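Asks: Sharing target_33.cif (mmCIF, C-alpha atoms) below.
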data_target
#
loop_
_atom_site.label_atom_id
_atom_site.label_comp_id
_atom_site.auth_asym_id
_atom_site.auth_seq_id
_atom_site.Cartn_x
_atom_site.Cartn_y
_atom_site.Cartn_z
CA MET A 1 2.80 31.59 20.06
CA LYS A 2 1.30 28.33 18.97
CA LEU A 3 -0.85 28.77 15.90
CA ASN A 4 -4.40 27.54 16.32
CA THR A 5 -4.83 25.50 13.18
CA ASN A 6 -8.45 24.83 13.98
CA SER A 7 -9.75 28.40 14.07
CA ASN A 8 -12.20 29.38 11.38
CA LEU A 9 -10.07 32.28 10.18
CA TYR A 10 -6.96 30.12 9.81
CA THR A 11 -8.87 27.42 7.94
CA PHE A 12 -10.36 29.99 5.62
CA ILE A 13 -7.04 31.70 4.85
CA TYR A 14 -5.29 28.35 4.46
CA ALA A 15 -7.82 27.14 1.92
CA SER A 16 -7.69 30.41 -0.04
CA VAL A 17 -3.91 30.51 -0.24
CA LEU A 18 -3.73 26.84 -1.21
CA VAL A 19 -6.23 27.25 -4.00
CA ILE A 20 -4.49 30.34 -5.40
CA VAL A 21 -1.07 28.67 -5.34
CA VAL A 22 -2.41 25.56 -7.05
CA ALA A 23 -4.34 27.57 -9.63
CA ALA A 24 -1.20 29.55 -10.50
CA ALA A 25 0.87 26.37 -10.85
CA LEU A 26 -1.71 24.74 -13.11
CA ALA A 27 -2.19 27.82 -15.26
CA PHE A 28 1.58 28.06 -15.69
CA THR A 29 1.95 24.41 -16.83
CA ALA A 30 -1.04 24.62 -19.14
CA VAL A 31 0.27 27.73 -20.87
CA LYS A 32 3.83 26.37 -21.12
CA LEU A 33 2.79 23.03 -22.64
CA LYS A 34 -0.01 24.27 -24.90
CA PRO A 35 2.15 24.79 -28.03
CA MET A 36 3.54 21.23 -27.77
CA GLN A 37 0.08 19.74 -27.32
CA ASP A 38 -1.36 21.68 -30.25
CA LYS A 39 1.52 20.54 -32.41
CA ASN A 40 0.84 16.90 -31.48
CA ILE A 41 -2.76 17.23 -32.57
CA ARG A 42 -1.81 18.95 -35.83
CA VAL A 43 0.85 16.38 -36.63
CA GLU A 44 -1.50 13.52 -35.88
CA LYS A 45 -4.06 14.96 -38.26
CA MET A 46 -1.39 15.34 -40.95
CA GLN A 47 -0.25 11.75 -40.43
CA ASN A 48 -3.81 10.50 -40.83
CA ILE A 49 -4.40 12.52 -43.99
CA LEU A 50 -1.12 11.27 -45.47
CA LYS A 51 -1.90 7.68 -44.50
CA SER A 52 -5.00 7.72 -46.72
CA ILE A 53 -2.72 8.19 -49.76
CA ASN A 54 -0.31 5.53 -48.46
CA VAL A 55 2.34 7.95 -47.24
CA HIS A 56 3.55 6.92 -43.81
CA ALA A 57 4.91 9.85 -41.88
CA ASP A 58 6.45 9.87 -38.44
CA PHE A 59 6.36 12.68 -35.94
CA ASP A 60 9.38 14.53 -37.33
CA ASN A 61 8.76 14.44 -41.06
CA ALA A 62 4.96 14.73 -41.06
CA GLU A 63 4.94 18.45 -41.64
CA ASP A 64 7.41 18.28 -44.55
CA LEU A 65 5.63 15.37 -46.20
CA TYR A 66 2.32 17.13 -45.74
CA LYS A 67 3.67 20.18 -47.52
CA SER A 68 5.03 18.15 -50.42
CA HIS A 69 2.01 15.88 -50.89
CA ILE A 70 -1.02 18.01 -50.08
CA THR A 71 -1.27 20.54 -52.88
CA ASN A 72 -4.48 22.28 -51.95
CA ALA A 73 -7.02 22.42 -49.15
CA PHE A 74 -10.37 24.10 -49.47
CA ALA A 75 -13.92 23.85 -48.19
CA VAL A 76 -17.21 23.27 -49.97
CA ASN A 77 -20.85 23.43 -48.92
CA SER A 78 -23.43 20.71 -49.44
CA LYS A 79 -24.36 22.16 -52.84
CA GLY A 80 -20.83 21.51 -53.95
CA GLU A 81 -19.85 25.18 -54.17
CA LYS A 82 -16.36 26.19 -53.15
CA LEU A 83 -16.23 28.47 -50.15
CA THR A 84 -13.69 31.25 -49.93
CA ASP A 85 -11.96 32.58 -46.83
CA VAL A 86 -12.00 29.25 -44.99
CA LYS A 87 -8.91 27.51 -43.67
CA ALA A 88 -9.81 23.90 -44.44
CA PHE A 89 -7.22 22.34 -42.13
CA ASP A 90 -8.57 24.15 -39.08
CA ILE A 91 -12.20 23.13 -39.58
CA ASN A 92 -13.34 21.08 -36.61
CA LEU A 93 -15.57 18.28 -37.86
CA LYS A 94 -16.87 17.74 -34.35
CA PHE A 95 -18.88 20.94 -34.68
CA GLN A 96 -19.72 20.52 -38.36
CA ILE A 97 -21.47 17.19 -37.80
CA GLN A 98 -23.82 18.87 -35.33
CA GLU A 99 -24.98 21.28 -38.04
CA LYS A 100 -27.75 20.56 -40.53
CA ILE A 101 -26.31 19.18 -43.77
CA ASP A 102 -26.93 22.36 -45.80
CA LYS A 103 -25.14 24.49 -43.18
CA ARG A 104 -21.99 22.37 -42.99
CA ILE A 105 -18.60 23.62 -44.09
CA LEU A 106 -16.90 20.58 -45.60
CA PRO A 107 -13.12 20.38 -45.97
CA VAL A 108 -11.55 18.78 -49.03
CA TYR A 109 -7.84 18.14 -49.65
CA GLU A 110 -6.13 17.72 -53.00
CA ALA A 111 -3.02 15.60 -52.95
CA VAL A 112 -0.43 13.93 -55.12
CA ALA A 113 0.37 10.33 -54.32
CA ASP A 114 3.91 8.98 -54.50
CA ASP A 115 3.32 7.86 -58.11
CA GLY A 116 2.45 11.46 -59.06
CA SER A 117 -1.26 10.93 -59.64
CA LYS A 118 -3.81 13.36 -58.28
CA LYS A 119 -6.00 12.29 -55.34
CA ILE A 120 -8.92 13.86 -53.52
CA ILE A 121 -9.04 13.38 -49.76
CA ILE A 122 -12.37 13.60 -47.94
CA PRO A 123 -12.38 13.65 -44.16
CA LEU A 124 -15.05 11.60 -42.36
CA ARG A 125 -16.68 11.90 -38.98
CA GLY A 126 -19.26 9.75 -37.24
CA LYS A 127 -20.37 7.99 -34.08
CA GLY A 128 -19.21 4.58 -32.89
CA LEU A 129 -20.40 2.64 -29.88
CA TRP A 130 -18.53 4.51 -27.13
CA GLY A 131 -17.54 7.75 -28.77
CA PRO A 132 -16.64 9.47 -32.01
CA ILE A 133 -15.03 7.68 -34.95
CA TRP A 134 -13.37 9.43 -37.85
CA GLY A 135 -11.29 8.78 -40.92
CA TYR A 136 -10.29 9.79 -44.42
CA PHE A 137 -11.17 8.54 -47.88
CA ALA A 138 -8.63 9.21 -50.62
CA LEU A 139 -10.37 9.13 -54.00
CA ASN A 140 -8.84 8.79 -57.43
CA ASP A 141 -9.04 11.64 -59.90
CA ASP A 142 -12.45 10.34 -61.04
CA TYR A 143 -13.96 11.45 -57.70
CA ASN A 144 -15.47 7.98 -57.47
CA THR A 145 -12.97 5.16 -56.86
CA ILE A 146 -11.49 4.81 -53.38
CA TYR A 147 -7.71 4.81 -53.43
CA GLY A 148 -7.16 4.52 -49.72
CA ALA A 149 -9.10 4.62 -46.45
CA VAL A 150 -8.10 5.19 -42.85
CA PHE A 151 -10.30 5.10 -39.78
CA ASP A 152 -9.64 5.81 -36.15
CA ASP A 153 -11.68 5.92 -33.00
CA LYS A 154 -11.62 7.48 -29.59
CA GLY A 155 -12.55 4.48 -27.47
CA GLU A 156 -14.12 1.56 -29.33
CA THR A 157 -13.75 -1.85 -27.71
CA PRO A 158 -10.24 -3.22 -28.37
CA GLY A 159 -10.38 -6.36 -30.51
CA LEU A 160 -13.97 -5.65 -31.57
CA GLY A 161 -15.09 -2.18 -32.65
CA ALA A 162 -11.54 -0.82 -32.57
CA GLU A 163 -10.69 -3.19 -35.44
CA ILE A 164 -11.85 -0.41 -37.79
CA ALA A 165 -8.40 1.07 -37.22
CA THR A 166 -6.63 -2.03 -38.57
CA THR A 167 -5.21 -2.46 -42.06
CA TRP A 168 -7.17 -5.59 -43.00
CA PHE A 169 -10.41 -3.73 -42.51
CA GLN A 170 -9.29 -0.56 -44.25
CA LYS A 171 -7.79 -2.42 -47.22
CA GLN A 172 -11.24 -3.71 -48.15
CA PHE A 173 -12.29 -0.21 -49.19
CA VAL A 174 -9.57 0.14 -51.82
CA GLY A 175 -11.00 0.02 -55.34
CA LYS A 176 -14.63 0.33 -54.25
CA THR A 177 -16.69 3.03 -55.91
CA LEU A 178 -19.02 5.57 -54.35
CA PHE A 179 -21.31 5.98 -57.39
CA ASP A 180 -23.43 3.32 -59.07
CA GLY A 181 -23.86 4.84 -62.50
CA ASN A 182 -24.93 8.33 -61.53
CA LYS A 183 -26.46 7.36 -58.23
CA PHE A 184 -24.50 8.06 -55.06
CA VAL A 185 -24.64 4.82 -53.08
CA SER A 186 -21.39 4.95 -51.07
CA ILE A 187 -20.23 1.85 -49.19
CA THR A 188 -22.35 -0.78 -47.45
CA LEU A 189 -21.06 -3.02 -44.65
CA TYR A 190 -22.24 -6.63 -44.65
CA LYS A 191 -22.65 -8.59 -41.44
CA GLY A 192 -21.58 -12.20 -41.15
CA GLY A 193 -17.81 -12.35 -41.05
CA LYS A 194 -15.25 -12.43 -43.81
CA GLY A 195 -16.54 -12.84 -47.35
CA SER A 196 -20.09 -11.75 -46.60
CA ALA A 197 -19.99 -8.77 -48.99
CA GLU A 198 -19.02 -11.15 -51.77
CA LYS A 199 -21.78 -13.57 -50.78
CA ALA A 200 -24.27 -10.73 -51.01
CA GLY A 201 -23.03 -10.11 -54.54
CA ASP A 202 -21.96 -6.55 -53.83
CA THR A 203 -18.34 -6.40 -54.89
CA LYS A 204 -18.37 -2.78 -56.05
CA HIS A 205 -19.81 -1.01 -53.04
CA GLY A 206 -19.74 -3.58 -50.26
CA VAL A 207 -17.21 -4.55 -47.57
CA ASP A 208 -17.34 -7.00 -44.66
CA ALA A 209 -18.45 -5.63 -41.34
CA ILE A 210 -16.59 -6.51 -38.14
CA SER A 211 -17.95 -9.50 -36.30
CA GLY A 212 -18.60 -8.55 -32.70
CA GLY A 213 -18.40 -4.89 -33.60
CA THR A 214 -21.89 -4.48 -34.97
CA ILE A 215 -22.69 -1.08 -33.53
CA THR A 216 -19.33 0.36 -34.54
CA SER A 217 -19.80 -1.09 -38.05
CA LYS A 218 -23.28 0.43 -38.26
CA GLY A 219 -21.87 3.77 -37.08
CA LEU A 220 -19.16 3.57 -39.71
CA GLU A 221 -21.71 2.82 -42.42
CA LYS A 222 -23.76 5.83 -41.35
CA MET A 223 -20.59 7.91 -41.44
CA VAL A 224 -19.96 7.02 -45.09
CA LYS A 225 -23.65 7.51 -45.86
CA ALA A 226 -26.37 9.79 -44.50
CA ASP A 227 -24.64 11.08 -41.37
CA TRP A 228 -21.64 12.54 -43.09
CA LEU A 229 -20.47 11.59 -46.57
CA PHE A 230 -23.84 12.33 -48.24
CA ALA A 231 -23.13 16.01 -47.59
CA TYR A 232 -20.35 15.73 -50.19
CA LYS A 233 -22.68 14.14 -52.76
CA ASN A 234 -23.16 17.23 -54.92
CA PHE A 235 -19.50 18.19 -54.82
CA LEU A 236 -18.43 14.71 -55.92
CA ALA A 237 -21.18 14.40 -58.56
CA LYS A 238 -20.19 17.73 -60.12
CA ASN A 239 -16.57 16.69 -60.57
CA LYS A 240 -17.13 13.02 -61.33
CA LYS A 241 -15.53 11.69 -64.48
CA MET B 1 18.25 2.75 7.37
CA GLY B 2 16.67 -0.68 7.65
CA LYS B 3 13.38 0.99 8.53
CA ASN B 4 13.52 3.21 5.46
CA LEU B 5 14.35 0.28 3.22
CA LYS B 6 11.36 -1.55 4.60
CA LEU B 7 9.15 1.35 3.49
CA VAL B 8 10.12 0.62 -0.10
CA THR B 9 10.19 -3.18 0.00
CA ASP B 10 7.11 -3.88 2.12
CA PRO B 11 4.57 -2.66 -0.44
CA LEU B 12 6.15 -4.87 -3.09
CA ASN B 13 4.92 -8.02 -1.41
CA LEU B 14 3.71 -8.15 2.20
CA ASN B 15 1.82 -4.88 2.04
CA ASN B 16 1.13 -4.62 -1.69
CA PRO B 17 -1.42 -1.88 -2.33
CA ILE B 18 -3.41 -3.93 -4.85
CA THR B 19 -3.22 -7.50 -3.64
CA VAL B 20 -3.07 -6.93 0.12
CA GLN B 21 -4.49 -3.50 0.81
CA ILE B 22 -6.94 -4.01 -2.10
CA LEU B 23 -6.61 -0.38 -3.19
CA GLY B 24 -6.57 0.97 -6.73
CA ILE B 25 -8.25 -2.05 -8.26
CA CYS B 26 -10.33 -0.07 -10.72
CA SER B 27 -7.43 1.31 -12.75
CA ALA B 28 -5.63 -2.02 -12.51
CA LEU B 29 -8.54 -3.51 -14.42
CA ALA B 30 -8.97 -0.72 -16.93
CA VAL B 31 -5.49 0.03 -18.25
CA THR B 32 -3.98 -3.45 -18.34
CA VAL B 33 -5.00 -4.49 -21.86
CA LYS B 34 -1.57 -3.60 -23.25
CA LEU B 35 1.83 -3.47 -21.57
CA MET B 36 3.03 0.02 -22.58
CA PRO B 37 0.06 2.03 -21.29
CA ALA B 38 0.21 0.03 -18.06
CA VAL B 39 3.89 0.93 -17.59
CA VAL B 40 3.20 4.62 -18.20
CA MET B 41 0.19 4.50 -15.91
CA ALA B 42 2.24 2.86 -13.16
CA MET B 43 4.97 5.48 -13.55
CA SER B 44 2.43 8.30 -13.43
CA VAL B 45 0.86 6.93 -10.26
CA THR B 46 4.30 6.49 -8.65
CA VAL B 47 5.35 10.05 -9.46
CA VAL B 48 2.07 11.54 -8.26
CA LEU B 49 2.08 9.42 -5.11
CA ALA B 50 5.69 10.23 -4.19
CA PHE B 51 5.28 13.97 -4.67
CA ALA B 52 1.85 14.12 -3.03
CA ASN B 53 3.30 12.26 -0.04
CA VAL B 54 6.18 14.72 0.22
CA ILE B 55 3.98 17.79 -0.13
CA ILE B 56 1.41 16.60 2.40
CA SER B 57 4.19 15.55 4.77
CA LEU B 58 5.76 19.03 4.54
CA LEU B 59 2.41 20.65 5.20
CA ARG B 60 1.30 18.14 7.82
CA ASN B 61 1.67 20.44 10.84
CA THR B 62 -0.10 23.36 9.18
CA ILE B 63 -3.11 21.62 7.66
CA PRO B 64 -6.35 22.44 9.50
CA SER B 65 -7.72 19.03 10.40
CA ARG B 66 -11.26 19.93 9.41
CA ILE B 67 -10.33 20.45 5.75
CA ARG B 68 -7.59 17.82 5.73
CA ILE B 69 -9.21 15.62 3.09
CA ILE B 70 -9.92 18.59 0.84
CA VAL B 71 -6.31 19.74 1.04
CA GLN B 72 -5.13 16.23 0.12
CA LEU B 73 -7.51 16.13 -2.78
CA VAL B 74 -6.39 19.51 -4.10
CA VAL B 75 -2.74 18.46 -3.97
CA ILE B 76 -3.45 15.16 -5.74
CA ALA B 77 -5.68 16.77 -8.36
CA ALA B 78 -3.09 19.44 -9.14
CA LEU B 79 -0.30 16.86 -9.55
CA VAL B 80 -2.46 14.60 -11.71
CA ILE B 81 -3.43 17.44 -14.01
CA ILE B 82 0.23 18.39 -14.40
CA VAL B 83 1.15 14.77 -15.25
CA ASP B 84 -1.73 14.58 -17.71
CA GLN B 85 -0.61 17.78 -19.42
CA ILE B 86 2.98 16.54 -19.64
CA LEU B 87 1.86 13.24 -21.17
CA LYS B 88 -0.25 15.09 -23.72
CA ALA B 89 2.74 17.20 -24.67
CA TYR B 90 5.49 14.57 -24.75
CA LEU B 91 3.88 11.10 -24.92
CA PHE B 92 0.88 11.87 -27.08
CA ASP B 93 0.18 8.35 -28.36
CA ILE B 94 0.17 6.80 -24.93
CA SER B 95 -1.83 9.61 -23.44
CA LYS B 96 -4.51 8.87 -26.04
CA GLN B 97 -4.62 5.22 -24.99
CA LEU B 98 -4.78 6.08 -21.31
CA SER B 99 -7.42 8.72 -22.09
CA VAL B 100 -9.55 9.32 -19.02
CA PHE B 101 -7.61 7.00 -16.76
CA VAL B 102 -4.84 9.49 -16.07
CA GLY B 103 -7.47 11.89 -14.79
CA LEU B 104 -8.91 9.08 -12.73
CA ILE B 105 -5.63 8.74 -10.80
CA ILE B 106 -7.25 11.43 -8.66
CA THR B 107 -9.79 8.91 -7.45
CA ASN B 108 -7.24 6.10 -7.08
CA CYS B 109 -7.68 4.92 -3.52
CA ILE B 110 -3.95 4.26 -3.11
CA LEU B 111 -3.23 7.98 -3.10
CA MET B 112 -5.72 9.10 -0.48
CA GLY B 113 -4.99 5.95 1.48
CA ARG B 114 -1.25 6.59 1.70
CA LEU B 115 -1.62 10.32 2.39
CA GLU B 116 -4.06 9.66 5.24
CA ALA B 117 -2.27 6.64 6.66
CA PHE B 118 1.36 7.69 6.24
CA ALA B 119 2.25 11.17 5.01
CA LEU B 120 0.15 13.00 7.61
CA GLY B 121 2.16 11.41 10.41
CA ASN B 122 5.69 11.11 9.02
CA LYS B 123 8.64 13.22 7.87
CA PRO B 124 9.07 14.06 4.17
CA PHE B 125 11.84 11.58 3.34
CA PRO B 126 10.14 8.46 4.72
CA SER B 127 6.94 9.69 3.06
CA PHE B 128 8.75 9.94 -0.25
CA LEU B 129 10.05 6.37 0.11
CA ASP B 130 6.58 5.18 1.08
CA GLY B 131 5.24 6.78 -2.10
CA ILE B 132 7.90 5.14 -4.26
CA GLY B 133 7.35 1.78 -2.59
CA ASN B 134 3.59 1.78 -2.97
CA GLY B 135 3.89 3.05 -6.53
CA ALA B 136 6.28 0.20 -7.31
CA GLY B 137 3.97 -2.32 -5.66
CA TYR B 138 1.15 -1.04 -7.84
CA ALA B 139 3.45 -1.16 -10.88
CA ILE B 140 4.42 -4.81 -10.36
CA ILE B 141 0.81 -5.96 -10.41
CA LEU B 142 -0.12 -3.74 -13.35
CA ILE B 143 2.82 -4.94 -15.41
CA LEU B 144 2.19 -8.58 -14.56
CA VAL B 145 -1.50 -8.40 -15.41
CA SER B 146 -0.99 -6.40 -18.59
CA ALA B 147 1.78 -8.72 -19.79
CA ILE B 148 -0.49 -11.73 -19.35
CA ARG B 149 -3.41 -9.99 -21.04
CA GLU B 150 -1.42 -8.62 -23.97
CA PHE B 151 0.30 -11.96 -24.56
CA PHE B 152 -2.86 -14.07 -24.60
CA GLY B 153 -5.18 -11.36 -25.87
CA SER B 154 -3.11 -9.91 -28.72
CA GLY B 155 -0.19 -12.33 -29.05
CA SER B 156 2.32 -9.55 -28.48
CA LEU B 157 4.29 -7.82 -25.72
CA ALA B 158 4.74 -4.04 -25.69
CA GLY B 159 3.57 -4.02 -29.31
CA PHE B 160 6.02 -6.66 -30.59
CA LYS B 161 4.50 -9.85 -31.99
CA ILE B 162 5.59 -12.76 -29.83
CA ILE B 163 3.37 -15.56 -31.09
CA PRO B 164 4.61 -16.39 -34.60
CA GLN B 165 2.35 -16.23 -37.66
CA SER B 166 2.71 -19.99 -38.20
CA PHE B 167 0.68 -20.59 -35.02
CA TYR B 168 -2.16 -18.53 -36.46
CA ASP B 169 -1.92 -20.41 -39.74
CA PHE B 170 -2.47 -23.60 -37.76
CA GLY B 171 -5.68 -22.19 -36.38
CA TYR B 172 -4.52 -20.61 -33.13
CA SER B 173 -6.41 -17.43 -32.41
CA ASP B 174 -6.02 -14.73 -29.80
CA ASN B 175 -8.29 -14.96 -26.81
CA GLY B 176 -10.72 -12.05 -27.17
CA LEU B 177 -12.22 -12.65 -23.74
CA ILE B 178 -9.00 -11.84 -21.91
CA ILE B 179 -9.07 -8.31 -23.32
CA LEU B 180 -12.34 -7.56 -21.56
CA PRO B 181 -12.25 -6.13 -18.00
CA PRO B 182 -13.74 -9.16 -16.17
CA MET B 183 -10.68 -11.24 -17.06
CA ALA B 184 -8.43 -8.63 -15.45
CA LEU B 185 -10.36 -9.12 -12.23
CA ILE B 186 -9.90 -12.87 -12.47
CA ILE B 187 -6.15 -12.51 -13.15
CA VAL B 188 -5.76 -10.17 -10.17
CA GLY B 189 -7.71 -12.70 -8.13
CA VAL B 190 -5.40 -15.51 -9.19
CA ILE B 191 -2.35 -13.39 -8.33
CA ILE B 192 -3.79 -12.70 -4.87
CA TRP B 193 -4.46 -16.43 -4.43
CA ILE B 194 -0.92 -17.42 -5.41
CA GLN B 195 0.62 -14.69 -3.25
CA ARG B 196 -1.45 -15.61 -0.18
CA SER B 197 -0.84 -19.31 -0.46
CA ARG B 198 2.93 -18.81 -0.74
CA THR B 199 3.41 -16.15 1.91
CA ARG B 200 3.16 -17.41 5.49
CA GLU B 201 2.56 -13.95 6.97
CA LEU B 202 -0.54 -13.43 4.88
CA ILE B 203 -2.26 -16.69 5.70
CA GLU B 204 -5.30 -16.04 7.84
CA ASP B 205 -6.94 -18.59 10.11
#
Let me see whether you can do it: turn the structure in this file into structure tokens.
Replies:
Amino acid sequence: MKLNTNSNLYTFIYASVLVIVVAAALAFTAVKLKPMQDKNIRVEKMQNILKSINVHADFDNAEDLYKSHITNAFAVNSKGEKLTDVKAFDINLKFQIQEKIDKRILPVYEAVADDGSKKIIIPLRGKGLWGPIWGYFALNDDYNTIYGAVFDDKGETPGLGAEIATTWFQKQFVGKTLFDGNKFVSITLYKGGKGSAEKAGDTKHGVDAISGGTITSKGLEKMVKADWLFAYKNFLAKNKK
Amino acid sequence: MGKNLKLVTDPLNLNNPITVQILGICSALAVTVKLMPAVVMAMSVTVVLAFANVIISLLRNTIPSRIRIIVQLVVIAALVIIVDQILKAYLFDISKQLSVFVGLIITNCILMGRLEAFALGNKPFPSFLDGIGNGAGYAIILILVSAIREFFGSGSLAGFKIIPQSFYDFGYSDNGLIILPPMALIIVGVIIWIQRSRTRELIED
């Protein structure tokens, strides 16, 4: 008997079977690969945190280095009070930034740098031109001076906005201070190419923005100011030395 | 044998999917800023195309013609998602750079084009070769374009600095324009021009 491949019933059954088979195959792959994918994301986060204190980890040793360098991880609220029962590492900043500032749960990491000194690592999250940008500030024990900064982005324009992920840009933040006296001023980005922060006379809290990456630079400035880092103001002020 | 070989070699030049069939241009423009992502992208497309061709060719006598396109799409989408998941698990860095473009292989015209034009009417093995051939033809253009763009745009190839620092000290600077998508279009255009002017078979009256 020759099968009539054009009958309604056949078409219907064919489509159903096909969809079920495909769904099963996809579900199987997704479940099988999920642990590997989760590990990649965890390791990447660890590498970024470690990079802010100048520890460069690769895929294999990231977890060990993380254990030996990060001594404590906890969360605070915008009043600067420590929260209990929160796993700081698992906090997803993507959701926290959507909350009002006083509702946010803010992760903080304590670390020891390679020279043995204590550092405070503050994660950052903000908006660039095309998508989210994020990063970490490592502060010295005074809760004020920046020891290291890393930034990364999801899809900023290569060569322009994506320059925030380069070392020359990140190095500028080293040694800058977040407080001016007792006032929390954070970091300001100055437009106009290299040397413009110096020209503006702001050597303590100013860095050069990226030429051609104005919107990304603005987004980054908001990230280290009102959009995100200001939520940490009270926590940092309380501990400041 | 000669016929099968032709299936692989034809798409490399005379029937190149990008420069002659003008298929799959969009991803050729988007992922060719750096060499490595372009290589991985080309490999992903080749794998998906070869397997989709084989699967559709195996099913070709059973597929109800009214839902033929849907069946092709389901097969392609399933394979692309599997490739995307594998990249996320084993080549995490590159999968981040390729981001949405792996998913967009689904809409790559080369795939639907080859399934419709070849796999539906041919046996599995020739279909497989056709997939490999067209994937390789796509790969050649992607690699060529991305090599040119990475060299002039970032001064490196596959991440290694090629242009020495002394050039930069003299005032040489990377060409930022070449990183932007319009330049990819122009490079592809130039490649098509060179190919057409050198290949007698492709010269039109």
Asks: Do you know which residues are at most 12 Å from B:Ser173 counting all atoms listed in the file, after dropping those on the same chain fewer than 6 positions away, and could you put them as an MDAnalysis selection string?
Replies: (chainID A and resid 159) or (chainID B and resid 151:155 163:167)
Asks: Could you take the residues named above and write them with C-alpha atoms, as a PDB file, in the coordinates of the input?
Replies:
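And here's part_6.pdb as it stands now:
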ATOM      1  CA  GLY A 159     -10.380  -6.360 -30.510  1.00  0.00           C
TER       2      GLY A 159
ATOM      3  CA  PHE B 151       0.300 -11.960 -24.560  1.00  0.00           C
ATOM      4  CA  PHE B 152      -2.860 -14.070 -24.600  1.00  0.00           C
ATOM      5  CA  GLY B 153      -5.180 -11.360 -25.870  1.00  0.00           C
ATOM      6  CA  SER B 154      -3.110  -9.910 -28.720  1.00  0.00           C
ATOM      7  CA  GLY B 155      -0.190 -12.330 -29.050  1.00  0.00           C
ATOM      8  CA  ILE B 163       3.370 -15.560 -31.090  1.00  0.00           C
ATOM      9  CA  PRO B 164       4.610 -16.390 -34.600  1.00  0.00           C
ATOM     10  CA  GLN B 165       2.350 -16.230 -37.660  1.00  0.00           C
ATOM     11  CA  SER B 166       2.710 -19.990 -38.200  1.00  0.00           C
ATOM     12  CA  PHE B 167       0.680 -20.590 -35.020  1.00  0.00           C
TER      13      PHE B 167
END
Asks: From the list B:Ile63, B:Val39, B:Leu91, B:Val31, which residue is nearest A:Asn4 when using only C-alpha atoms?
Replies: B:Ile63
Asks: Compute the set of chain A residues within 7 Å of chain B, using all atoms listed in the file, and express it as a list in words.
Replies: Thr5, Asn6, Thr11, Val22, Leu26, Thr29, Ala30, Leu33, Met36, Gln37, Asn40 and Gly159 of chain A
Asks: Could the residues in this selection be saved with C-alpha atoms as a PDB file, keeping the file's coordinate frame?
Replies:
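Output saved as selection_33.pdb:
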ATOM      1  CA  THR A   5      -4.830  25.500  13.180  1.00  0.00           C
ATOM      2  CA  ASN A   6      -8.450  24.830  13.980  1.00  0.00           C
ATOM      3  CA  THR A  11      -8.870  27.420   7.940  1.00  0.00           C
ATOM      4  CA  VAL A  22      -2.410  25.560  -7.050  1.00  0.00           C
ATOM      5  CA  LEU A  26      -1.710  24.740 -13.110  1.00  0.00           C
ATOM      6  CA  THR A  29       1.950  24.410 -16.830  1.00  0.00           C
ATOM      7  CA  ALA A  30      -1.040  24.620 -19.140  1.00  0.00           C
ATOM      8  CA  LEU A  33       2.790  23.030 -22.640  1.00  0.00           C
ATOM      9  CA  MET A  36       3.540  21.230 -27.770  1.00  0.00           C
ATOM     10  CA  GLN A  37       0.080  19.740 -27.320  1.00  0.00           C
ATOM     11  CA  ASN A  40       0.840  16.900 -31.480  1.00  0.00           C
ATOM     12  CA  GLY A 159     -10.380  -6.360 -30.510  1.00  0.00           C
TER      13      GLY A 159
END
Asks: With the PyMOL selection byres ((chain A and resi 124) around 7) as the selection, what would be picked from this file? Answer as a VMD selection string, please.
Replies: chain A and resid 122 to 123 125 to 126 134 to 136 223 228 to 229
Asks: Using only C-alpha atoms, which of the listed residues (B:Leu59, B:Leu23, B:Met43, B:Val190) sits closest to B:Ala136?
Replies: B:Met43
Asks: What do you get, as a list of chain:residue names, if you spell out every residue that the PyMOL selection byres ((chain A and resi 137-147) around 8) selects here?
Replies: A:Ser52, A:Ile53, A:Ser117, A:Lys118, A:Lys119, A:Ile120, A:Ile121, A:Ile122, A:Pro123, A:Leu124, A:Gly135, A:Tyr136, A:Gly148, A:Ala149, A:Val150, A:Phe173, A:Val174, A:Gly175, A:Lys176, A:Thr177, A:Leu178, A:Phe179, A:Leu236, A:Ala237, A:Asn239, A:Lys240, A:Lys241
Asks: Please write the residues picked by the PyMOL selection byres ((chain B and resi 117) around 12) on this file as a JSON list (two decimals) with C-alpha atoms, keeping the file's coordinate frame.
Replies:
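File produced: out.json:
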[["chain", "number", "residue", "atom", "x", "y", "z"],
["B", 21, "GLN", "CA", -4.49, -3.50, 0.81],
["B", 53, "ASN", "CA", 3.30, 12.26, -0.04],
["B", 56, "ILE", "CA", 1.41, 16.60, 2.40],
["B", 57, "SER", "CA", 4.19, 15.55, 4.77],
["B", 69, "ILE", "CA", -9.21, 15.62, 3.09],
["B", 72, "GLN", "CA", -5.13, 16.23, 0.12],
["B", 109, "CYS", "CA", -7.68, 4.92, -3.52],
["B", 110, "ILE", "CA", -3.95, 4.26, -3.11],
["B", 111, "LEU", "CA", -3.23, 7.98, -3.10],
["B", 112, "MET", "CA", -5.72, 9.10, -0.48],
["B", 113, "GLY", "CA", -4.99, 5.95, 1.48],
["B", 114, "ARG", "CA", -1.25, 6.59, 1.70],
["B", 115, "LEU", "CA", -1.62, 10.32, 2.39],
["B", 116, "GLU", "CA", -4.06, 9.66, 5.24],
["B", 118, "PHE", "CA", 1.36, 7.69, 6.24],
["B", 119, "ALA", "CA", 2.25, 11.17, 5.01],
["B", 120, "LEU", "CA", 0.15, 13.00, 7.61],
["B", 121, "GLY", "CA", 2.16, 11.41, 10.41],
["B", 122, "ASN", "CA", 5.69, 11.11, 9.02],
["B", 127, "SER", "CA", 6.94, 9.69, 3.06],
["B", 130, "ASP", "CA", 6.58, 5.18, 1.08],
["B", 131, "GLY", "CA", 5.24, 6.78, -2.10]]
